[in-house]
>>> print(open('work_36.cif').read())   # mmCIF, C-alpha atoms
data_entry
loop_
_atom_site.label_atom_id
_atom_site.label_comp_id
_atom_site.auth_asym_id
_atom_site.auth_seq_id
_atom_site.Cartn_x
_atom_site.Cartn_y
_atom_site.Cartn_z
CA MET A 128 -2.95 -252.80 -196.17
CA GLN A 129 -4.88 -254.98 -193.80
CA THR A 130 -4.32 -255.47 -190.06
CA VAL A 131 -4.38 -259.12 -189.01
CA ALA A 132 -4.42 -261.13 -185.78
CA LYS A 133 -2.24 -264.13 -185.01
CA GLU A 134 -4.75 -266.71 -186.26
CA GLU A 135 -4.76 -265.06 -189.67
CA VAL A 136 -0.97 -264.82 -189.60
CA ARG A 137 -0.82 -268.59 -189.17
CA SER A 138 -3.07 -269.11 -192.19
CA LEU A 139 -0.95 -266.70 -194.24
CA ILE A 140 2.22 -268.59 -193.25
CA ASP A 141 0.57 -271.83 -194.39
CA GLU A 142 -0.15 -270.07 -197.65
CA GLY A 143 3.55 -269.25 -198.07
CA ALA A 144 3.63 -265.67 -196.80
CA THR A 145 6.94 -263.88 -196.30
CA MET A 146 7.28 -262.74 -192.67
CA ILE A 147 9.31 -259.56 -192.22
CA GLU A 148 10.40 -258.12 -188.88
CA VAL A 149 11.04 -254.39 -189.30
CA LEU A 150 12.91 -253.86 -186.01
CA PRO A 151 16.68 -253.22 -185.84
CA GLU A 152 18.97 -256.23 -186.43
CA GLU A 153 19.97 -256.55 -182.76
CA GLU A 154 16.38 -256.99 -181.64
CA TYR A 155 15.69 -259.41 -184.47
CA SER A 156 18.67 -261.58 -183.54
CA GLN A 157 17.52 -261.81 -179.92
CA GLN A 158 14.08 -263.08 -180.79
CA HIS A 159 11.93 -263.28 -183.90
CA ILE A 160 9.04 -265.30 -185.27
CA SER A 161 10.35 -268.58 -186.65
CA GLY A 162 11.06 -268.27 -190.35
CA ALA A 163 10.86 -264.45 -190.42
CA ILE A 164 13.48 -262.36 -192.20
CA ASN A 165 14.74 -258.98 -191.01
CA ILE A 166 14.47 -255.73 -192.94
CA PRO A 167 14.70 -252.79 -190.52
CA LEU A 168 12.25 -250.04 -191.45
CA LYS A 169 15.03 -247.67 -192.48
CA GLU A 170 16.40 -250.24 -194.93
CA LEU A 171 13.09 -251.02 -196.61
CA THR A 172 14.04 -249.80 -200.07
CA GLU A 173 13.12 -250.82 -203.58
CA ASP A 174 16.52 -252.53 -204.00
CA LYS A 175 16.04 -254.60 -200.89
CA VAL A 176 12.77 -256.13 -202.12
CA SER A 177 13.53 -256.22 -205.84
CA THR A 178 13.71 -260.03 -205.95
CA PHE A 179 10.48 -260.60 -204.00
CA ASP A 180 7.36 -261.98 -205.68
CA ARG A 181 4.97 -259.03 -205.36
CA SER A 182 1.82 -261.17 -205.60
CA ARG A 183 2.75 -263.32 -202.59
CA PRO A 184 1.41 -262.31 -199.17
CA VAL A 185 3.81 -260.34 -196.99
CA VAL A 186 3.26 -259.98 -193.23
CA LEU A 187 5.09 -257.19 -191.41
CA TYR A 188 5.48 -256.94 -187.66
CA CYS A 189 7.44 -255.26 -184.88
CA HIS A 190 7.11 -255.65 -181.07
CA ASP A 191 3.44 -254.99 -180.47
CA PHE A 192 0.79 -252.30 -180.93
CA LEU A 193 3.09 -249.48 -179.78
CA MET B 1032 6.32 -248.97 -187.00
CA SER B 1033 4.99 -251.94 -188.99
CA PRO B 1034 2.01 -250.01 -190.50
CA ARG B 1035 4.52 -247.56 -192.02
CA ALA B 1036 6.50 -250.46 -193.46
CA ALA B 1037 3.28 -251.96 -194.85
CA TRP B 1038 2.34 -248.72 -196.63
CA ARG B 1039 5.86 -248.54 -197.99
CA LEU B 1040 5.62 -252.02 -199.51
CA GLU B 1041 2.26 -251.22 -201.06
CA SER B 1042 3.77 -248.14 -202.65
CA LEU B 1043 6.41 -250.45 -204.14
CA GLY B 1044 3.75 -252.52 -205.89
CA PHE B 1045 3.08 -255.33 -203.41
CA THR B 1046 -0.58 -256.31 -203.57
CA ARG B 1047 -1.06 -258.52 -200.49
CA VAL B 1048 0.46 -256.66 -197.54
CA TYR B 1049 -0.60 -257.42 -193.95
CA ASP B 1050 0.28 -255.68 -190.71
CA TYR B 1051 0.45 -258.04 -187.72
CA ALA B 1052 -0.27 -255.42 -185.05
CA GLY B 1053 0.23 -257.76 -182.09
CA GLY B 1054 3.80 -258.36 -183.24
CA LYS B 1055 6.30 -260.74 -181.71
CA THR B 1056 5.11 -259.97 -178.17
CA ASP B 1057 1.69 -261.38 -178.99
CA TRP B 1058 3.17 -264.28 -180.96
CA ALA B 1059 5.64 -265.44 -178.32
CA GLY B 1060 3.07 -264.91 -175.58
CA SER B 1061 0.74 -267.29 -177.33
CA GLY B 1062 3.40 -269.97 -177.25
CA TYR B 1063 3.99 -269.94 -181.01
CA PRO B 1064 7.51 -270.73 -182.26
CA VAL B 1065 10.25 -268.13 -182.07
CA GLU B 1066 13.97 -268.23 -182.83
CA GLY B 1067 16.96 -266.20 -181.67
CA THR B 1068 19.54 -265.93 -178.93
CA HIS B 1069 16.90 -265.07 -176.28
CA ALA B 1070 14.24 -267.42 -177.55
CA ASP B 1071 14.89 -270.11 -174.94
CA ILE B 1072 14.78 -267.97 -171.82
CA PRO B 1073 11.76 -269.35 -170.05
CA SER B 1074 8.75 -267.16 -169.32
CA PRO B 1075 5.50 -267.79 -167.42
CA GLY B 1076 3.74 -268.06 -170.79
CA SER B 1077 5.91 -270.95 -171.90
CA LEU B 1078 5.36 -272.80 -168.61
CA ALA B 1079 1.62 -272.30 -168.28
CA ARG B 1080 -0.50 -275.44 -168.26
CA PRO B 1081 -3.99 -275.39 -169.76
CA SER B 1082 -6.67 -274.49 -167.21
CA THR B 1083 -10.14 -275.82 -166.66
CA THR B 1084 -12.43 -272.95 -167.62
CA CYS B 1085 -16.05 -271.96 -167.15
CA THR B 1086 -18.28 -268.97 -167.90
CA LEU B 1087 -20.43 -266.76 -165.65
CA GLY B 1088 -23.81 -268.27 -166.42
CA GLU B 1089 -22.94 -271.93 -165.82
CA ARG B 1090 -24.34 -273.91 -162.87
CA VAL B 1091 -21.89 -274.53 -160.06
CA GLY B 1092 -22.97 -278.18 -160.02
CA ASP B 1093 -21.94 -278.64 -163.65
CA VAL B 1094 -18.58 -277.03 -163.01
CA ALA B 1095 -18.02 -279.24 -159.97
CA GLN B 1096 -18.52 -282.32 -162.13
CA ARG B 1097 -16.05 -281.00 -164.68
CA LEU B 1098 -13.45 -280.33 -162.01
CA GLU B 1099 -13.93 -283.85 -160.69
CA LYS B 1100 -13.58 -285.33 -164.16
CA GLU B 1101 -10.45 -283.31 -164.97
CA ASP B 1102 -8.99 -283.81 -161.49
CA ALA B 1103 -8.54 -280.04 -161.12
CA ASN B 1104 -8.71 -277.90 -157.97
CA ALA B 1105 -10.00 -274.72 -159.55
CA CYS B 1106 -11.75 -273.40 -162.60
CA ILE B 1107 -10.84 -270.10 -164.25
CA VAL B 1108 -13.89 -268.02 -165.12
CA THR B 1109 -13.63 -266.30 -168.49
CA THR B 1110 -15.74 -264.49 -171.04
CA GLU B 1111 -16.58 -266.34 -174.26
CA ASP B 1112 -13.45 -264.70 -175.68
CA GLY B 1113 -11.25 -266.07 -172.93
CA ILE B 1114 -10.78 -262.86 -170.88
CA VAL B 1115 -10.18 -263.76 -167.21
CA LEU B 1116 -12.98 -262.64 -164.87
CA GLY B 1117 -12.56 -264.78 -161.77
CA ARG B 1118 -11.73 -268.11 -160.21
CA LEU B 1119 -13.87 -270.82 -158.70
CA ARG B 1120 -11.97 -273.06 -156.33
CA LYS B 1121 -13.10 -276.57 -155.56
CA LYS B 1122 -13.09 -275.86 -151.84
CA HIS B 1123 -15.51 -272.95 -152.40
CA LEU B 1124 -18.12 -275.04 -154.13
CA SER B 1125 -21.10 -275.02 -151.81
CA ASP B 1126 -24.01 -277.38 -151.43
CA ASP B 1127 -26.17 -275.14 -153.57
CA GLU B 1128 -25.40 -276.57 -156.95
CA ASP B 1129 -27.92 -274.35 -158.71
CA ARG B 1130 -26.06 -271.14 -158.00
CA THR B 1131 -24.34 -269.61 -161.00
CA VAL B 1132 -20.61 -269.35 -161.38
CA GLU B 1133 -20.99 -265.56 -161.16
CA GLU B 1134 -22.52 -265.85 -157.67
CA ALA B 1135 -19.92 -268.26 -156.35
CA MET B 1136 -16.65 -267.14 -157.90
CA GLU B 1137 -13.93 -264.97 -156.41
CA PRO B 1138 -13.65 -262.06 -158.83
CA GLY B 1139 -10.42 -260.62 -160.21
CA PRO B 1140 -7.78 -263.22 -159.34
CA THR B 1141 -4.15 -262.12 -159.44
CA THR B 1142 -2.75 -262.59 -162.91
CA VAL B 1143 0.68 -262.16 -164.43
CA ARG B 1144 1.67 -261.40 -167.97
CA TYR B 1145 3.14 -264.23 -169.96
CA ASP B 1146 6.45 -262.36 -170.41
CA GLU B 1147 7.09 -261.36 -166.80
CA ALA B 1148 10.62 -262.16 -165.57
CA LEU B 1149 10.43 -265.67 -164.12
CA THR B 1150 13.03 -265.39 -161.35
CA GLY B 1151 11.39 -262.44 -159.61
CA LEU B 1152 7.94 -263.95 -160.00
CA VAL B 1153 8.96 -267.26 -158.40
CA LYS B 1154 10.49 -265.40 -155.43
CA ARG B 1155 7.25 -263.46 -154.93
CA MET B 1156 5.21 -266.65 -155.16
CA GLN B 1157 7.47 -268.33 -152.62
CA GLY B 1158 7.15 -265.34 -150.26
CA ALA B 1159 3.37 -265.36 -150.53
CA GLY B 1160 3.08 -269.15 -150.35
CA VAL B 1161 1.30 -269.27 -153.71
CA ALA B 1162 1.45 -272.59 -155.57
CA SER B 1163 0.07 -271.47 -158.93
CA ILE B 1164 -0.80 -268.28 -160.75
CA VAL B 1165 -2.99 -267.34 -163.71
CA VAL B 1166 -1.04 -266.26 -166.81
CA THR B 1167 -2.61 -263.98 -169.43
CA GLU B 1168 -1.85 -262.20 -172.67
CA PRO B 1169 -1.59 -258.37 -172.47
CA SER B 1170 -5.28 -258.20 -173.43
CA GLY B 1171 -6.24 -260.19 -170.32
CA LYS B 1172 -6.92 -263.34 -172.32
CA LEU B 1173 -6.18 -266.54 -170.46
CA ILE B 1174 -3.11 -268.56 -171.43
CA GLY B 1175 -3.18 -270.99 -168.52
CA GLU B 1176 -1.82 -271.47 -165.01
CA MET B 1177 1.81 -271.60 -164.08
CA HIS B 1178 2.66 -273.95 -161.24
CA ARG B 1179 5.44 -272.71 -158.99
CA SER B 1180 6.97 -276.20 -158.81
CA ASP B 1181 7.35 -276.26 -162.63
CA ALA B 1182 9.07 -272.88 -162.59
CA GLU B 1183 11.36 -273.85 -159.70
CA ALA B 1184 12.40 -277.06 -161.47
CA LEU B 1185 13.11 -275.19 -164.69
CA LEU B 1186 15.16 -272.47 -163.00
CA GLU B 1187 17.16 -275.18 -161.26
CA GLN B 1188 17.88 -276.82 -164.63
CA VAL B 1189 18.97 -273.51 -166.16
CA LYS B 1190 21.23 -272.87 -163.15
CA SER B 1191 22.92 -276.27 -163.31
CA PHE B 1192 23.32 -276.00 -167.10
CA ALA B 1193 25.07 -272.63 -166.69
CA HIS B 1194 27.19 -274.02 -163.85
CA ASN B 1195 28.32 -277.03 -165.92
CA HIS B 1196 29.29 -274.77 -168.80
CA ASP B 1197 31.29 -272.48 -166.54
CA HIS B 1198 33.56 -275.34 -165.44
#
>>> encode(input="work_36.cif", output="structure tokens")
Amino acid sequence: MQTVAKEEVRSLIDEGATMIEVLPEEEYSQQHISGAINIPLKELTEDKVSTFDRSRPVVLYCHDFL
Amino acid sequence: MSPRAAWRLESLGFTRVYDYAGGKTDWAGSGYPVEGTHADIPSPGSLARPSTTCTLGERVGDVAQRLEKEDANACIVTTEDGIVLGRLRKKHLSDDEDRTVEEAMEPGPTTVRYDEALTGLVKRMQGAGVASIVVTEPSGKLIGEMHRSDAEALLEQVKSFAHNHDH
């Protein structure tokens, strides 16, 4: 796992990365990064990601550093 | 929270997993696109205009020329990385053009975070008679300057939009 800054996130998006917000659904629906999907941390199970291409970049985020 | 999620994905066989530690606070504060029910509520970060900038070691005379060229009243002094250190106003430029920016600037100007509530901020600016304010990211990195008149006009638009939809 690698920590990245926003400039790298932009490059990864250009590359076709999947953006995942791991906050609860309510917070996601209020505001999220354009194009991101929502999988709250507690729901991050094998079933949930079974259809994802595992070789494609995935960027995870929440609010901030905290 | 996101590092835990990243480790989880790696344990599930994902090979290119990245943790964006700055998260949506950093993203939205940088003016990058967001979606959602609260995405359109204006913030100082979304209203900030680009500033004229300079660094500590520059000659005041060079900065004066730049301000003239860009028709700006002040220059924000930053580190090479864009962290705000001070402000150099046009009216404070002296005759001694060979002084450095560091010698002439006013250090530590008041700054606000990009995500501060706009209504309260505009009221405080009105009370203090401040026409513009420096807006930064949480790290102190410059985003730009928010002009009070821009914020007042926007709040007026939001108010009249809400009023028209109430009737």
>>> atom_distance(input="work_36.cif", atom1="atom CA of Glu1089 of chain B", atom2="atom CA of Val1115 of chain B")
15.2 Å
>>> closest_atom_pairs(input="work_36.cif", of="chain B", to="chain A", cutoff="9 Å", atoms="all atoms listed in the file", output="CSV")
residue,atom,partner,partner_atom,distance
B:Met1032,CA,A:Cys189,CA,6.7
B:Ser1033,CA,A:Tyr188,CA,5.2
B:Pro1034,CA,A:Leu187,CA,7.9
B:Arg1035,CA,A:Leu168,CA,8.1
B:Ala1036,CA,A:Leu168,CA,6.1
B:Ala1037,CA,A:Met128,CA,6.4
B:Trp1038,CA,A:Met128,CA,6.7
B:Arg1039,CA,A:Leu171,CA,7.8
B:Leu1040,CA,A:Leu171,CA,8.1
B:Glu1041,CA,A:Met128,CA,7.3
B:Leu1043,CA,A:Glu173,CA,6.7
B:Gly1044,CA,A:Arg181,CA,6.6
B:Phe1045,CA,A:Arg181,CA,4.6
B:Thr1046,CA,A:Ser182,CA,5.8
B:Arg1047,CA,A:Pro184,CA,4.7
B:Val1048,CA,A:Val185,CA,5.0
B:Tyr1049,CA,A:Val186,CA,4.7
B:Asp1050,CA,A:Thr130,CA,4.7
B:Tyr1051,CA,A:Val131,CA,5.1
B:Ala1052,CA,A:Phe192,CA,5.3
B:Gly1053,CA,A:Asp191,CA,4.5
B:Gly1054,CA,A:Asp191,CA,4.4
B:Lys1055,CA,A:His190,CA,5.2
B:Thr1056,CA,A:His190,CA,5.6
B:Asp1057,CA,A:Asp191,CA,6.8
B:Trp1058,CA,A:Lys133,CA,6.8
B:Ala1059,CA,A:Ile160,CA,7.7
B:Ser1061,CA,A:Lys133,CA,8.8
B:Tyr1063,CA,A:Ile160,CA,8.1
B:Pro1064,CA,A:Ser161,CA,5.7
B:Val1065,CA,A:Ile160,CA,4.4
B:Glu1066,CA,A:Ser161,CA,5.3
B:Gly1067,CA,A:Gln158,CA,4.3
B:Thr1068,CA,A:Gln157,CA,4.7
B:His1069,CA,A:Gln157,CA,4.9
B:Ala1070,CA,A:Gln158,CA,5.4
>>> resolve_selection(input="work_36.cif", expression="the PyMOL selection byres ((chain B and resi 1114) around 10)", output="count of residues only")
17
>>> resolve_selection(input="work_36.cif", expression="the PyMOL selection byres ((chain B and resi 1129-1143) around 6)", output="list in words")
Leu1087, Gly1088, Glu1089, Arg1090, Val1091, Leu1116, Gly1117, Arg1118, Leu1119, Asp1127, Glu1128, Arg1144, Val1165 and Val1166 of chain B
>>> write_last_selection(input="work_36.cif", atoms="C-alpha atoms", output="PDB file, in the coordinates of the input")
ATOM      1  CA  LEU B1087     -20.430-266.760-165.650  1.00  0.00           C
ATOM      2  CA  GLY B1088     -23.810-268.270-166.420  1.00  0.00           C
ATOM      3  CA  GLU B1089     -22.940-271.930-165.820  1.00  0.00           C
ATOM      4  CA  ARG B1090     -24.340-273.910-162.870  1.00  0.00           C
ATOM      5  CA  VAL B1091     -21.890-274.530-160.060  1.00  0.00           C
ATOM      6  CA  LEU B1116     -12.980-262.640-164.870  1.00  0.00           C
ATOM      7  CA  GLY B1117     -12.560-264.780-161.770  1.00  0.00           C
ATOM      8  CA  ARG B1118     -11.730-268.110-160.210  1.00  0.00           C
ATOM      9  CA  LEU B1119     -13.870-270.820-158.700  1.00  0.00           C
ATOM     10  CA  ASP B1127     -26.170-275.140-153.570  1.00  0.00           C
ATOM     11  CA  GLU B1128     -25.400-276.570-156.950  1.00  0.00           C
ATOM     12  CA  ARG B1144       1.670-261.400-167.970  1.00  0.00           C
ATOM     13  CA  VAL B1165      -2.990-267.340-163.710  1.00  0.00           C
ATOM     14  CA  VAL B1166      -1.040-266.260-166.810  1.00  0.00           C
TER      15      VAL B1166
END
>>> atom_distance(input="work_36.cif", atom1="atom CA of Glu1187 of chain B", atom2="atom CA of Gln1157 of chain B")
14.7 Å
>>> atom_distance(input="work_36.cif", atom1="atom CA of Ser1074 of chain B", atom2="atom CA of Met1156 of chain B")
14.6 Å
>>> resolve_selection(input="work_36.cif", expression="the PyMOL selection byres ((chain B and resi 1146) around 7)", output="list of chain:residue names")
B:Gly1060, B:Ser1074, B:Pro1075, B:Gly1076, B:Arg1144, B:Tyr1145, B:Glu1147, B:Ala1148
>>> axis_aligned_box(input="work_36.cif", around="segment 1159-1168 of chain B", padding_each_side="4 Å", output="JSON")
{"center_x": 0.2, "center_y": -267.4, "center_z": -161.5, "size_x": 14.4, "size_y": 18.4, "size_z": 30.3}
>>> closest_residue(input="work_36.cif", among="B:Ser1163, B:Leu1078, B:Arg1120, B:Pro1073", to="Val1094 of chain B", atoms="all atoms listed in the file")
B:Arg1120
>>> build_atoms(input="work_36.cif", residues="segment 155-170 of chain A", atoms="N, CA, C and O atoms", output="mmCIF file, in the coordinates of the input")
data_model
loop_
_atom_site.group_PDB
_atom_site.id
_atom_site.type_symbol
_atom_site.label_atom_id
_atom_site.label_comp_id
_atom_site.auth_asym_id
_atom_site.auth_seq_id
_atom_site.Cartn_x
_atom_site.Cartn_y
_atom_site.Cartn_z
ATOM 1 N N TYR A 155 16.070 -258.230 -183.673
ATOM 2 C CA TYR A 155 15.690 -259.410 -184.470
ATOM 3 C C TYR A 155 16.511 -260.626 -184.035
ATOM 4 O O TYR A 155 15.984 -261.720 -183.845
ATOM 5 N N SER A 156 17.823 -260.427 -183.851
ATOM 6 C CA SER A 156 18.670 -261.580 -183.540
ATOM 7 C C SER A 156 18.376 -262.141 -182.151
ATOM 8 O O SER A 156 18.563 -263.317 -181.897
ATOM 9 N N GLN A 157 17.864 -261.299 -181.252
ATOM 10 C CA GLN A 157 17.520 -261.810 -179.920
ATOM 11 C C GLN A 157 16.283 -262.720 -179.974
ATOM 12 O O GLN A 157 16.273 -263.791 -179.388
ATOM 13 N N GLN A 158 15.288 -262.264 -180.674
ATOM 14 C CA GLN A 158 14.080 -263.080 -180.790
ATOM 15 C C GLN A 158 13.233 -262.630 -181.980
ATOM 16 O O GLN A 158 12.992 -261.443 -182.150
ATOM 17 N N HIS A 159 12.842 -263.598 -182.790
ATOM 18 C CA HIS A 159 11.930 -263.280 -183.900
ATOM 19 C C HIS A 159 11.023 -264.473 -184.177
ATOM 20 O O HIS A 159 11.300 -265.593 -183.741
ATOM 21 N N ILE A 160 9.972 -264.234 -184.889
ATOM 22 C CA ILE A 160 9.040 -265.300 -185.270
ATOM 23 C C ILE A 160 9.776 -266.282 -186.173
ATOM 24 O O ILE A 160 10.478 -265.869 -187.111
ATOM 25 N N SER A 161 9.637 -267.568 -185.877
ATOM 26 C CA SER A 161 10.350 -268.580 -186.650
ATOM 27 C C SER A 161 10.096 -268.407 -188.140
ATOM 28 O O SER A 161 8.938 -268.315 -188.566
ATOM 29 N N GLY A 162 11.173 -268.366 -188.903
ATOM 30 C CA GLY A 162 11.060 -268.270 -190.350
ATOM 31 C C GLY A 162 11.033 -266.837 -190.877
ATOM 32 O O GLY A 162 11.096 -266.623 -192.093
ATOM 33 N N ALA A 163 10.937 -265.848 -189.966
ATOM 34 C CA ALA A 163 10.860 -264.450 -190.420
ATOM 35 C C ALA A 163 12.235 -263.958 -190.870
ATOM 36 O O ALA A 163 13.260 -264.424 -190.367
ATOM 37 N N ILE A 164 12.235 -263.013 -191.813
ATOM 38 C CA ILE A 164 13.480 -262.360 -192.200
ATOM 39 C C ILE A 164 13.479 -260.955 -191.586
ATOM 40 O O ILE A 164 12.446 -260.508 -191.077
ATOM 41 N N ASN A 165 14.626 -260.298 -191.629
ATOM 42 C CA ASN A 165 14.740 -258.980 -191.010
ATOM 43 C C ASN A 165 15.053 -257.903 -192.055
ATOM 44 O O ASN A 165 16.061 -257.994 -192.764
ATOM 45 N N ILE A 166 14.153 -256.943 -192.172
ATOM 46 C CA ILE A 166 14.470 -255.730 -192.940
ATOM 47 C C ILE A 166 14.068 -254.551 -192.055
ATOM 48 O O ILE A 166 12.881 -254.222 -191.959
ATOM 49 N N PRO A 167 15.049 -253.945 -191.358
ATOM 50 C CA PRO A 167 14.700 -252.790 -190.520
ATOM 51 C C PRO A 167 14.016 -251.715 -191.356
ATOM 52 O O PRO A 167 14.342 -251.546 -192.545
ATOM 53 N N LEU A 168 13.065 -251.029 -190.738
ATOM 54 C CA LEU A 168 12.250 -250.040 -191.450
ATOM 55 C C LEU A 168 13.093 -249.100 -192.324
ATOM 56 O O LEU A 168 12.752 -248.832 -193.472
ATOM 57 N N LYS A 169 14.199 -248.641 -191.751
ATOM 58 C CA LYS A 169 15.030 -247.670 -192.480
ATOM 59 C C LYS A 169 15.671 -248.264 -193.732
ATOM 60 O O LYS A 169 16.155 -247.542 -194.598
ATOM 61 N N GLU A 170 15.743 -249.589 -193.780
ATOM 62 C CA GLU A 170 16.400 -250.240 -194.930
ATOM 63 C C GLU A 170 15.394 -250.795 -195.938
ATOM 64 O O GLU A 170 15.765 -251.534 -196.849
#
